[in-house]
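Coordinates as given in work14.cif (mmCIF, C-alpha atoms):
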data_coords
loop_
_atom_site.label_atom_id
_atom_site.label_comp_id
_atom_site.auth_asym_id
_atom_site.auth_seq_id
_atom_site.Cartn_x
_atom_site.Cartn_y
_atom_site.Cartn_z
CA MET A 216 -39.10 -51.76 -83.56
CA ASP A 217 -41.70 -53.09 -81.24
CA TYR A 218 -44.93 -51.21 -80.64
CA LYS A 219 -47.72 -52.74 -78.62
CA ILE A 220 -51.14 -51.66 -77.41
CA ILE A 221 -51.99 -53.54 -74.25
CA PRO A 222 -55.54 -53.49 -72.81
CA SER A 223 -55.79 -53.21 -69.03
CA ILE A 224 -57.94 -51.83 -66.23
CA CYS A 225 -57.15 -48.60 -64.42
CA SER A 226 -55.74 -49.32 -60.97
CA TYR A 227 -56.44 -45.93 -59.40
CA CYS A 228 -59.96 -46.50 -58.06
CA GLY A 229 -62.71 -49.08 -57.91
CA CYS A 230 -64.57 -47.93 -61.06
CA GLY A 231 -62.62 -50.21 -63.36
CA CYS A 232 -62.17 -48.05 -66.45
CA GLY A 233 -60.71 -49.78 -69.49
CA VAL A 234 -57.34 -48.40 -70.57
CA LEU A 235 -54.80 -49.12 -73.28
CA PHE A 236 -51.09 -48.93 -72.58
CA GLN A 237 -48.79 -47.88 -75.40
CA VAL A 238 -45.48 -49.71 -75.22
CA LEU A 239 -42.67 -48.66 -77.56
CA ASP A 240 -39.56 -50.87 -77.55
CA GLY A 241 -40.44 -52.25 -74.14
CA ARG A 242 -40.95 -48.83 -72.59
CA LEU A 243 -44.37 -47.70 -71.41
CA THR A 244 -44.98 -44.40 -73.18
CA GLY A 245 -48.65 -43.57 -72.77
CA THR A 246 -52.18 -44.41 -71.64
CA LEU A 247 -55.34 -44.17 -73.74
CA PRO A 248 -58.98 -44.73 -72.77
CA MET A 249 -60.55 -47.84 -74.29
CA LYS A 250 -63.33 -46.65 -76.59
CA THR A 251 -65.43 -49.79 -76.42
CA HIS A 252 -65.16 -50.44 -72.70
CA PRO A 253 -68.63 -50.50 -71.10
CA VAL A 254 -67.48 -48.68 -67.95
CA ASN A 255 -65.75 -45.58 -69.27
CA GLN A 256 -66.80 -45.56 -72.96
CA GLY A 257 -63.68 -43.83 -74.19
CA LYS A 258 -63.29 -41.36 -71.32
CA LEU A 259 -60.84 -41.13 -68.42
CA CYS A 260 -60.13 -38.82 -65.50
CA ILE A 261 -56.76 -37.12 -65.08
CA LYS A 262 -55.41 -39.96 -62.96
CA GLY A 263 -56.27 -42.59 -65.54
CA TRP A 264 -54.73 -40.53 -68.34
CA ASN A 265 -51.45 -40.49 -66.42
CA LEU A 266 -51.36 -44.13 -65.30
CA HIS A 267 -48.11 -44.80 -67.10
CA GLU A 268 -46.27 -42.05 -65.26
CA HIS A 269 -45.95 -43.77 -61.89
CA VAL A 270 -44.75 -46.96 -63.53
CA ILE A 271 -41.82 -45.23 -65.23
CA SER A 272 -41.22 -42.66 -62.47
CA ASP A 273 -37.67 -42.31 -61.12
CA LYS A 274 -39.17 -41.91 -57.67
CA ARG A 275 -40.76 -45.34 -57.73
CA LEU A 276 -39.51 -47.69 -54.99
CA THR A 277 -38.13 -50.89 -56.39
CA SER A 278 -37.27 -52.62 -53.13
CA PRO A 279 -38.44 -52.51 -49.49
CA MET A 280 -36.84 -49.79 -47.39
CA VAL A 281 -35.92 -50.15 -43.72
CA LYS A 282 -34.78 -47.30 -41.50
CA LYS A 283 -31.33 -48.05 -40.11
CA ASP A 284 -29.21 -45.50 -38.24
CA GLY A 285 -31.83 -42.85 -38.96
CA GLN A 286 -31.74 -43.42 -42.72
CA LEU A 287 -33.96 -45.40 -45.09
CA GLN A 288 -31.94 -48.19 -46.67
CA GLU A 289 -32.79 -50.90 -49.15
CA ALA A 290 -33.58 -54.26 -47.56
CA SER A 291 -34.76 -57.72 -48.55
CA TRP A 292 -38.46 -58.61 -48.30
CA ASP A 293 -37.71 -61.22 -45.60
CA GLU A 294 -35.88 -58.67 -43.51
CA ALA A 295 -38.55 -55.98 -43.97
CA ILE A 296 -41.42 -58.33 -43.09
CA ARG A 297 -39.51 -59.69 -40.06
CA ILE A 298 -38.91 -56.19 -38.69
CA THR A 299 -42.53 -55.11 -39.36
CA ALA A 300 -43.92 -58.22 -37.65
CA ASP A 301 -41.66 -57.78 -34.61
CA ARG A 302 -42.54 -54.10 -34.23
CA LEU A 303 -46.29 -54.72 -34.65
CA GLN A 304 -46.15 -57.48 -32.03
CA ALA A 305 -44.28 -55.24 -29.62
CA ILE A 306 -46.73 -52.34 -30.11
CA ILE A 307 -49.78 -54.59 -29.68
CA LYS A 308 -48.25 -56.10 -26.52
CA ASP A 309 -47.46 -52.71 -24.97
CA HIS A 310 -50.44 -50.60 -26.11
CA GLY A 311 -53.19 -53.02 -27.14
CA PRO A 312 -54.52 -53.96 -30.60
CA ASP A 313 -56.47 -50.69 -31.04
CA SER A 314 -53.16 -48.84 -31.22
CA VAL A 315 -52.82 -50.29 -34.72
CA GLY A 316 -54.76 -49.14 -37.78
CA VAL A 317 -54.81 -50.67 -41.25
CA LEU A 318 -55.23 -48.34 -44.21
CA VAL A 319 -55.92 -49.95 -47.58
CA SER A 320 -56.54 -48.63 -51.05
CA ALA A 321 -58.27 -49.16 -54.37
CA LYS A 322 -54.87 -49.65 -55.95
CA ILE A 323 -54.89 -53.23 -54.68
CA THR A 324 -57.50 -55.82 -55.63
CA ASN A 325 -60.77 -56.58 -53.86
CA GLU A 326 -59.28 -59.85 -52.64
CA GLU A 327 -56.19 -58.16 -51.24
CA ASN A 328 -58.40 -55.62 -49.49
CA TYR A 329 -60.36 -58.51 -47.98
CA LEU A 330 -57.12 -60.08 -46.75
CA ALA A 331 -56.02 -56.75 -45.25
CA GLN A 332 -59.21 -56.36 -43.19
CA LYS A 333 -58.96 -60.03 -42.19
CA PHE A 334 -55.41 -59.36 -41.03
CA ALA A 335 -56.59 -56.33 -39.02
CA ARG A 336 -59.52 -58.09 -37.38
CA ALA A 337 -58.29 -61.67 -36.96
CA VAL A 338 -54.53 -61.23 -36.55
CA VAL A 339 -54.10 -57.78 -34.99
CA GLY A 340 -57.51 -57.81 -33.29
CA THR A 341 -58.76 -54.30 -34.17
CA ASN A 342 -61.62 -52.82 -36.18
CA ASN A 343 -59.42 -49.89 -37.19
CA VAL A 344 -59.65 -50.52 -40.96
CA ASP A 345 -60.12 -47.77 -43.47
CA HIS A 346 -59.91 -47.22 -47.20
CA CYS A 347 -58.77 -44.30 -49.32
CA ALA A 348 -62.02 -44.31 -51.31
CA ARG A 349 -63.90 -43.42 -48.09
CA LEU A 350 -61.76 -40.41 -47.15
CA MET B 670 -78.70 -46.47 -69.36
CA GLU B 671 -79.11 -49.04 -72.08
CA GLU B 672 -79.44 -46.33 -74.68
CA GLN B 673 -76.10 -44.88 -73.67
CA ILE B 674 -74.19 -48.09 -74.32
CA LYS B 675 -73.55 -48.21 -77.99
CA GLU B 676 -74.24 -51.31 -79.99
CA TRP B 677 -71.20 -52.85 -81.62
CA PRO B 678 -72.40 -54.68 -84.70
CA GLU B 679 -70.14 -57.43 -85.97
CA PRO B 680 -67.48 -55.32 -87.70
CA PHE B 681 -66.40 -57.60 -90.48
CA SER B 682 -66.04 -61.25 -91.20
CA THR B 683 -63.06 -62.54 -89.26
CA THR B 684 -62.98 -65.76 -91.28
CA GLY B 685 -61.01 -66.10 -94.46
CA ASP B 686 -63.77 -65.23 -96.93
CA LYS B 687 -61.80 -64.34 -100.04
CA THR B 688 -64.72 -62.69 -101.76
CA SER B 689 -65.03 -59.72 -99.43
CA THR B 690 -63.24 -56.47 -100.16
CA PHE B 691 -62.02 -56.74 -96.62
CA ASP B 692 -59.76 -59.59 -97.58
CA ASN B 693 -58.34 -57.47 -100.37
CA LEU B 694 -57.34 -55.04 -97.67
CA ARG B 695 -55.66 -57.80 -95.67
CA ASP B 696 -53.85 -59.07 -98.77
CA GLN B 697 -52.65 -55.58 -99.59
CA VAL B 698 -51.27 -54.98 -96.10
CA ASN B 699 -49.70 -58.43 -96.10
CA ALA B 700 -48.02 -57.69 -99.44
CA TRP B 701 -46.80 -54.29 -98.26
CA LEU B 702 -45.16 -55.83 -95.21
CA LYS B 703 -43.57 -58.69 -97.20
CA GLU B 704 -42.32 -56.40 -99.99
CA GLY B 705 -40.92 -53.99 -97.43
CA LYS B 706 -43.01 -51.10 -98.70
CA VAL B 707 -43.73 -50.48 -95.02
CA ASP B 708 -41.96 -51.72 -91.89
CA ILE B 709 -45.05 -51.59 -89.70
CA PHE B 710 -48.75 -51.14 -90.35
CA LEU B 711 -51.13 -49.56 -87.87
CA GLY B 712 -54.63 -51.03 -88.09
CA TYR B 713 -57.11 -52.71 -85.80
CA LYS B 714 -57.46 -56.19 -84.38
CA MET B 715 -60.05 -57.84 -82.14
CA VAL B 716 -58.49 -58.34 -78.70
CA GLN B 717 -60.58 -59.73 -75.85
CA GLY B 718 -63.74 -58.74 -77.73
CA HIS B 719 -62.64 -55.16 -78.30
CA PRO B 720 -61.56 -53.63 -81.61
CA LEU B 721 -58.15 -52.24 -80.59
CA PRO B 722 -55.42 -50.47 -82.50
CA HIS B 723 -52.70 -52.91 -83.44
CA CYS B 724 -49.25 -52.66 -84.92
CA PHE B 725 -48.69 -55.27 -87.64
CA THR B 726 -45.01 -55.91 -88.39
CA LYS B 727 -42.92 -57.29 -91.22
CA GLU B 728 -41.57 -59.88 -88.78
CA ASN B 729 -45.06 -61.37 -88.52
CA PRO B 730 -46.84 -60.44 -91.78
CA ASP B 731 -49.41 -63.26 -91.69
CA GLU B 732 -50.96 -61.73 -88.62
CA THR B 733 -52.76 -59.49 -91.13
CA ASP B 734 -55.40 -62.27 -91.34
CA GLU B 735 -56.68 -60.73 -88.13
CA LEU B 736 -56.71 -57.15 -89.43
CA ILE B 737 -60.09 -55.45 -89.10
CA VAL B 738 -61.25 -51.92 -89.84
CA GLY B 739 -62.84 -51.49 -86.43
CA LYS B 740 -65.85 -49.42 -85.51
CA ALA B 741 -64.01 -47.43 -82.86
CA ARG B 742 -61.66 -44.77 -84.13
CA TYR B 743 -58.36 -44.24 -82.37
CA SER B 744 -55.82 -41.71 -83.46
CA LEU B 745 -53.51 -44.02 -85.42
CA GLU B 746 -51.75 -40.95 -86.86
CA LYS B 747 -50.82 -39.77 -83.36
CA MET B 748 -49.37 -43.22 -82.65
CA ALA B 749 -47.45 -42.98 -85.94
CA ALA B 750 -46.08 -39.57 -84.93
CA ASN B 751 -45.01 -40.94 -81.53
CA ILE B 752 -43.23 -43.86 -83.18
CA ALA B 753 -41.61 -41.59 -85.80
CA ALA B 754 -40.31 -39.30 -83.04
CA GLN B 755 -38.32 -42.24 -81.64
CA ARG B 756 -37.56 -44.07 -84.89
CA PRO B 757 -37.64 -41.61 -87.81
CA GLU B 758 -36.19 -44.16 -90.27
CA ILE B 759 -39.18 -46.50 -90.03
CA LYS B 760 -41.75 -46.62 -92.84
CA ILE B 761 -45.21 -46.58 -91.35
CA GLY B 762 -48.42 -47.70 -93.04
CA LEU B 763 -51.81 -46.99 -91.56
CA LEU B 764 -55.53 -47.23 -92.13
CA VAL B 765 -57.05 -43.79 -92.63
CA ARG B 766 -60.56 -42.49 -92.58
CA ASP B 767 -61.16 -38.93 -93.84
CA CYS B 768 -60.46 -37.44 -90.42
CA ASN B 769 -57.21 -39.40 -90.05
CA GLN B 770 -56.13 -38.06 -93.43
CA ARG B 771 -56.87 -34.48 -92.42
CA ALA B 772 -54.88 -35.01 -89.21
CA LEU B 773 -52.00 -36.47 -91.22
CA ASN B 774 -52.01 -33.38 -93.45
CA VAL B 775 -51.71 -31.14 -90.40
CA LEU B 776 -48.91 -33.30 -88.97
CA TYR B 777 -47.05 -33.05 -92.30
CA VAL B 778 -47.47 -29.25 -92.33
CA TRP B 779 -46.06 -28.99 -88.83
CA ASN B 780 -43.16 -31.40 -89.51
CA GLN B 781 -44.34 -34.00 -87.02
CA LEU B 782 -44.38 -36.70 -89.69
CA ASN B 783 -42.51 -37.06 -92.95
CA PRO B 784 -44.98 -37.82 -95.76
CA ASP B 785 -42.27 -39.85 -97.56
CA GLN B 786 -42.23 -42.28 -94.63
CA VAL B 787 -46.01 -42.77 -94.49
CA GLU B 788 -48.24 -44.98 -96.64
CA THR B 789 -51.99 -44.98 -96.20
CA ILE B 790 -54.95 -47.15 -97.09
CA ASN B 791 -58.21 -45.25 -97.21
CA ILE B 792 -61.28 -46.78 -95.64
CA ASN B 793 -64.86 -45.61 -95.43
CA CYS B 794 -65.42 -43.12 -92.69
CA CYS B 795 -67.99 -42.01 -90.20
CA PRO B 796 -71.14 -40.11 -91.15
CA SER B 797 -70.61 -36.45 -90.39
CA ARG B 798 -71.43 -33.02 -91.67
CA LEU B 799 -68.91 -33.71 -94.39
CA LYS B 800 -70.09 -37.19 -95.33
CA GLU B 801 -73.53 -38.70 -94.98
CA HIS B 802 -72.80 -42.38 -95.31
CA GLY B 803 -70.11 -44.22 -93.43
CA ASP B 804 -69.20 -47.40 -91.60
CA CYS B 805 -68.22 -45.93 -88.29
CA SER B 806 -70.97 -44.17 -86.40
CA TYR B 807 -69.08 -43.56 -83.23
CA LEU B 808 -68.22 -39.91 -83.53
CA GLU B 809 -71.57 -38.20 -83.89
CA PRO B 810 -72.52 -36.74 -80.50
CA GLN B 811 -75.34 -38.33 -78.52
CA PRO B 812 -78.61 -36.34 -78.45
CA SER B 813 -78.44 -33.81 -75.59
CA GLY B 814 -80.79 -34.09 -72.61
CA SER B 815 -83.52 -31.52 -71.97
CA TYR B 816 -81.71 -29.75 -69.11
CA LYS B 817 -78.57 -29.30 -71.17
CA LYS B 818 -80.67 -27.91 -74.01
CA GLN B 819 -82.34 -25.51 -71.59
CA VAL B 820 -79.27 -24.08 -69.85
CA GLY B 821 -76.24 -25.22 -71.84
CA ILE B 822 -75.16 -25.77 -75.41
CA ASP B 823 -76.47 -28.70 -77.41
CA ASN B 824 -73.45 -30.55 -78.84
CA ASN B 825 -75.32 -31.09 -82.10
CA MET B 826 -75.89 -27.38 -82.68
CA ASP B 827 -74.57 -25.55 -85.72
CA VAL B 828 -72.26 -22.59 -85.13
CA GLU B 829 -74.87 -20.25 -86.64
CA VAL B 830 -77.61 -21.50 -84.29
CA ALA B 831 -75.35 -21.22 -81.25
CA GLU B 832 -74.63 -17.61 -82.19
CA GLU B 833 -78.31 -16.66 -82.26
CA PHE B 834 -78.47 -16.45 -78.44
CA SER B 835 -78.02 -12.96 -77.04
CA GLN B 836 -74.46 -12.25 -75.93
CA GLU B 837 -75.33 -12.53 -72.24
CA GLU B 838 -77.27 -15.76 -72.64
CA ARG B 839 -74.56 -17.24 -74.82
CA PHE B 840 -71.96 -16.43 -72.15
CA HIS B 841 -74.01 -18.08 -69.40
CA ARG B 842 -74.69 -21.15 -71.52
CA TRP B 843 -71.00 -21.61 -72.36
CA MET B 844 -70.00 -21.00 -68.74
CA TYR B 845 -72.44 -23.74 -67.69
CA GLU B 846 -70.60 -26.09 -70.03
CA PHE B 847 -67.08 -25.01 -69.00
CA GLU B 848 -67.81 -25.19 -65.27
CA LYS B 849 -68.49 -28.91 -65.57
CA CYS B 850 -64.85 -29.46 -66.53
CA ILE B 851 -62.96 -31.95 -64.35
CA LYS B 852 -59.64 -30.93 -65.90
CA CYS B 853 -58.75 -34.39 -67.13
CA TYR B 854 -56.82 -32.94 -70.10
CA GLY B 855 -58.47 -35.68 -72.16
CA CYS B 856 -59.29 -33.22 -74.98
CA ARG B 857 -55.62 -32.36 -75.31
CA ASN B 858 -54.26 -35.84 -74.72
CA ILE B 859 -56.43 -37.51 -77.34
CA CYS B 860 -56.04 -34.74 -79.91
CA PRO B 861 -54.16 -36.01 -83.00
CA VAL B 862 -52.80 -32.53 -83.75
CA CYS B 863 -51.70 -31.64 -80.19
CA PHE B 864 -47.98 -32.33 -80.10
CA CYS B 865 -46.33 -29.40 -78.25
CA GLN B 866 -43.62 -30.36 -75.78
CA GLU B 867 -44.74 -27.60 -73.44
CA CYS B 868 -48.45 -26.93 -73.11
CA SER B 869 -49.98 -23.58 -72.14
CA MET B 870 -52.73 -25.43 -70.32
CA GLU B 871 -50.15 -26.69 -67.83
CA HIS B 872 -48.25 -23.45 -67.47
CA ASN B 873 -48.46 -22.05 -63.92
CA ASP B 874 -48.10 -18.44 -65.02
CA LEU B 875 -50.80 -18.64 -67.66
CA ILE B 876 -53.50 -20.68 -65.94
CA ALA B 877 -53.94 -21.10 -62.20
CA THR B 878 -53.26 -24.70 -61.15
CA GLY B 879 -54.63 -26.81 -58.33
CA THR B 880 -58.36 -26.13 -58.65
CA VAL B 881 -61.31 -27.98 -60.17
CA PRO B 882 -63.06 -26.72 -62.20
CA PRO B 883 -60.04 -25.07 -63.80
CA GLU B 884 -59.98 -21.35 -64.36
CA VAL B 885 -62.94 -20.88 -66.70
CA PRO B 886 -63.42 -19.84 -69.38
CA ILE B 887 -59.72 -19.14 -69.96
CA PHE B 888 -58.67 -22.79 -69.70
CA HIS B 889 -60.94 -23.79 -72.58
CA LEU B 890 -60.44 -20.61 -74.57
CA VAL B 891 -56.65 -20.96 -74.52
CA ARG B 892 -57.05 -24.39 -76.03
CA ALA B 893 -59.65 -23.07 -78.50
CA VAL B 894 -57.27 -20.35 -79.74
CA HIS B 895 -54.51 -22.92 -80.17
CA MET B 896 -56.88 -25.04 -82.25
CA ALA B 897 -57.07 -22.32 -84.91
CA GLY B 898 -55.61 -23.78 -88.08
CA ARG B 899 -54.96 -27.06 -86.29
CA CYS B 900 -58.35 -28.62 -85.49
CA ILE B 901 -59.47 -31.06 -88.18
CA ASP B 902 -62.96 -31.59 -86.71
CA CYS B 903 -62.45 -35.28 -85.97
CA GLY B 904 -64.53 -35.15 -82.80
CA LEU B 905 -62.15 -37.22 -80.67
CA CYS B 906 -61.95 -34.49 -78.00
CA GLU B 907 -65.69 -34.35 -77.54
CA ASP B 908 -65.79 -38.14 -77.53
CA ALA B 909 -63.18 -38.24 -74.76
CA CYS B 910 -64.80 -35.50 -72.65
CA PRO B 911 -66.36 -37.04 -69.53
CA VAL B 912 -68.75 -34.09 -69.13
CA ASP B 913 -69.83 -33.55 -72.76
CA ILE B 914 -68.50 -30.04 -73.28
CA PRO B 915 -69.34 -29.11 -76.92
CA LEU B 916 -65.66 -28.69 -77.85
CA ARG B 917 -66.14 -29.59 -81.47
CA LEU B 918 -68.61 -26.74 -81.91
CA LEU B 919 -66.21 -24.31 -80.22
CA TYR B 920 -63.27 -25.30 -82.42
CA ARG B 921 -65.49 -25.28 -85.51
CA LYS B 922 -66.17 -21.60 -84.79
CA VAL B 923 -62.46 -20.89 -84.37
CA ASN B 924 -61.66 -22.56 -87.66
CA GLN B 925 -64.46 -20.67 -89.36
CA VAL B 926 -62.59 -17.50 -88.43
CA VAL B 927 -59.39 -18.95 -89.90
CA SER B 928 -61.25 -19.84 -93.08
CA ASP B 929 -62.81 -16.36 -93.35
CA MET B 930 -59.56 -14.53 -92.60
CA PHE B 931 -57.01 -16.59 -94.51
CA ASP B 932 -59.12 -18.75 -96.80
CA TYR B 933 -57.30 -21.70 -95.19
CA LYS B 934 -59.19 -24.99 -94.83
CA THR B 935 -57.37 -26.82 -92.05
CA GLY B 936 -56.25 -30.33 -92.93
CA MET B 937 -57.69 -30.36 -96.42
CA ARG B 938 -54.24 -30.21 -97.99
CA ALA B 939 -50.71 -30.56 -96.64
CA ASP B 940 -49.61 -27.07 -97.65
CA GLN B 941 -48.35 -24.00 -95.84
CA SER B 942 -50.40 -22.97 -92.80
CA PRO B 943 -50.92 -19.24 -92.15
CA PHE B 944 -49.84 -19.97 -88.56
CA ASN B 945 -46.60 -21.67 -89.48
CA ILE B 946 -44.14 -18.81 -89.94
CA LEU B 947 -41.11 -21.02 -90.41
CA GLY B 948 -41.53 -21.27 -94.18
CA ASP B 949 -39.28 -19.49 -96.67
CA GLU B 950 -41.86 -16.94 -97.65
CA VAL B 951 -45.30 -15.75 -96.69
CA THR B 952 -47.72 -17.50 -98.98
CA LEU B 953 -51.01 -16.44 -97.49
CA GLU B 954 -52.20 -12.86 -97.00
CA PRO B 955 -55.05 -11.89 -94.73
CA LYS B 956 -58.12 -11.11 -96.78
CA PRO B 957 -59.63 -7.63 -96.39
CA ILE B 958 -62.58 -7.77 -93.99
#

Could you spell out this file's structure in structure tokens?
Amino acid sequence: MDYKIIPSICSYCGCGCGVLFQVLDGRLTGTLPMKTHPVNQGKLCIKGWNLHEHVISDKRLTSPMVKKDGQLQEASWDEAIRITADRLQAIIKDHGPDSVGVLVSAKITNEENYLAQKFARAVVGTNNVDHCARL
Amino acid sequence: MEEQIKEWPEPFSTTGDKTSTFDNLRDQVNAWLKEGKVDIFLGYKMVQGHPLPHCFTKENPDETDELIVGKARYSLEKMAANIAAQRPEIKIGLLVRDCNQRALNVLYVWNQLNPDQVETININCCPSRLKEHGDCSYLEPQPSGSYKKQVGIDNNMDVEVAEEFSQEERFHRWMYEFEKCIKCYGCRNICPVCFCQECSMEHNDLIATGTVPPEVPIFHLVRAVHMAGRCIDCGLCEDACPVDIPLRLLYRKVNQVVSDMFDYKTGMRADQSPFNILGDEVTLEPKPI
């Protein structure tokens, strides 16, 4: 029997609410608000309360998917990145950099968001960058 | 803003001072785990500067040196019920304040925990209407602001005072509170005595889904009705509510009705509930009104 309470930060938005994950025998079973956390003080919104659900969801993707013969199929990261890079290069060449947009999210870190906008501006060459928290 | 952030005084000595009663507690838990009186013990431990619930195990009994009582109250009994649902053979020990004990009694009544599998250590509890002095001061509601007092319901109100408003005014004041709801389901999720597999609050045919605020007042009243004979007035729901709806006051009223009708004091003892019809015989009769 192994029961753990693991403190973490909610990954759904930029607020940074403190959460506790309940782990029973290695399986994530629930999320609780952290009472003493200065940001949320023991409260959570509906997304935070259900943080554990997407982790254990059957619908969660566990590998990159590439569309082959009209169907999404599992692929390696190298293959998926290679195809994405080739297609982006081809699109930029044919239609210009502003034909590409980069959409980022609060579910990744501040630093990753910075890298994403850097990629859009410095690599792709477009200012088309947007974020889910602004929608 | 500063006033809103609660002070967290040093909970207890975390050094090995053998003279404090706190160390007696640690020794007792340590002995329980080593003797096998319990397989696991649910208490609190300081983690990253936060008093967090922690599961002490017989595999690592000396970890009890880090056991603290903790100023913040989590529903250890709900964790125990979750563990017991998966592993019914495990003997669970836990720290209990008065409210935890009342919740345990309700969980025993409703067969969510087997009292033979649970051992408790009582600790001093929070000041409340039931107890003036206590160590934990986290569950008393914050003083309400002037606008809330003017148009809503003050969380610190007594049931009798809240009932003095005229019916129309009372309705508008409660609707003001309910309409703030962001439908986080925090009140239900944190509730130590909410254990149904299927919840009416998520049932499409009973309450319209997909809107915020939820259908008011039915959303809150459905929960209030279900709290009759269940709510043990621990205050966790109000504590978890992001918009300070005076849920504790609402459920206190519901339980007052239960007390008047059936003379049943919820959670005070682990005996037959008037709402649990699965017993062998009816033990409680409605009192004449």

Open item on the list: As an exercise, work out the distance from CA of Gln781 (chain B) to CA of Asp696 (chain B) in Å and give it to one decimal place.
Closed with: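 Atom-to-atom, CA of Gln781 (chain B) to CA of Asp696 (chain B), that is 29.3 Å.
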
- [ ] Skip Cys225 (chain A) itself and residues of its chain fewer than 4 positions away, then list as a count of residues only all residues within 8 Å of it, counting only C-alpha atoms.
- [x] 6

- [ ] Name the residues that the PyMOL selection byres ((chain B) within 7 of (chain A)) pulls out of this structure, and write them as a list in words.
- [x] Ile674, His719, Pro722, His723, Cys724, Ala741, Lys852, Cys853, Tyr854, Asp908, Ala909, Cys910 and Pro911 of chain B

Generate a file of the selected residues that holds C-alpha atoms, formatted as an mmCIF file, in the coordinates of the input.
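Now in selection.cif:
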data_model
loop_
_atom_site.group_PDB
_atom_site.id
_atom_site.type_symbol
_atom_site.label_atom_id
_atom_site.label_comp_id
_atom_site.auth_asym_id
_atom_site.auth_seq_id
_atom_site.Cartn_x
_atom_site.Cartn_y
_atom_site.Cartn_z
ATOM 1 C CA ILE B 674 -74.190 -48.090 -74.320
ATOM 2 C CA HIS B 719 -62.640 -55.160 -78.300
ATOM 3 C CA PRO B 722 -55.420 -50.470 -82.500
ATOM 4 C CA HIS B 723 -52.700 -52.910 -83.440
ATOM 5 C CA CYS B 724 -49.250 -52.660 -84.920
ATOM 6 C CA ALA B 741 -64.010 -47.430 -82.860
ATOM 7 C CA LYS B 852 -59.640 -30.930 -65.900
ATOM 8 C CA CYS B 853 -58.750 -34.390 -67.130
ATOM 9 C CA TYR B 854 -56.820 -32.940 -70.100
ATOM 10 C CA ASP B 908 -65.790 -38.140 -77.530
ATOM 11 C CA ALA B 909 -63.180 -38.240 -74.760
ATOM 12 C CA CYS B 910 -64.800 -35.500 -72.650
ATOM 13 C CA PRO B 911 -66.360 -37.040 -69.530
#

Task: Residues near region 893-896 of chain B, cut-off 9 Å, all atoms listed in the file, skip fewer than 4 positions along chain, as a list of chain:residue names - done: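 Final neighbour list, sorted by chain and number: B:Val862, B:Cys863, B:Phe888, B:His889, B:Cys900, B:Ile901, B:Leu916, B:Leu919, B:Tyr920, B:Val923, B:Asn924.
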
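Our summary of the geometry notes that CA of Ile851 (chain B) is positioned 22.3 Å from CA of Arg921 (chain B).
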
Open item on the list: Using Å and a single decimal, report how far CA of Leu303 (chain A) sits from CA of Pro279 (chain A).
Closed with: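 A separation of 16.9 Å between them.
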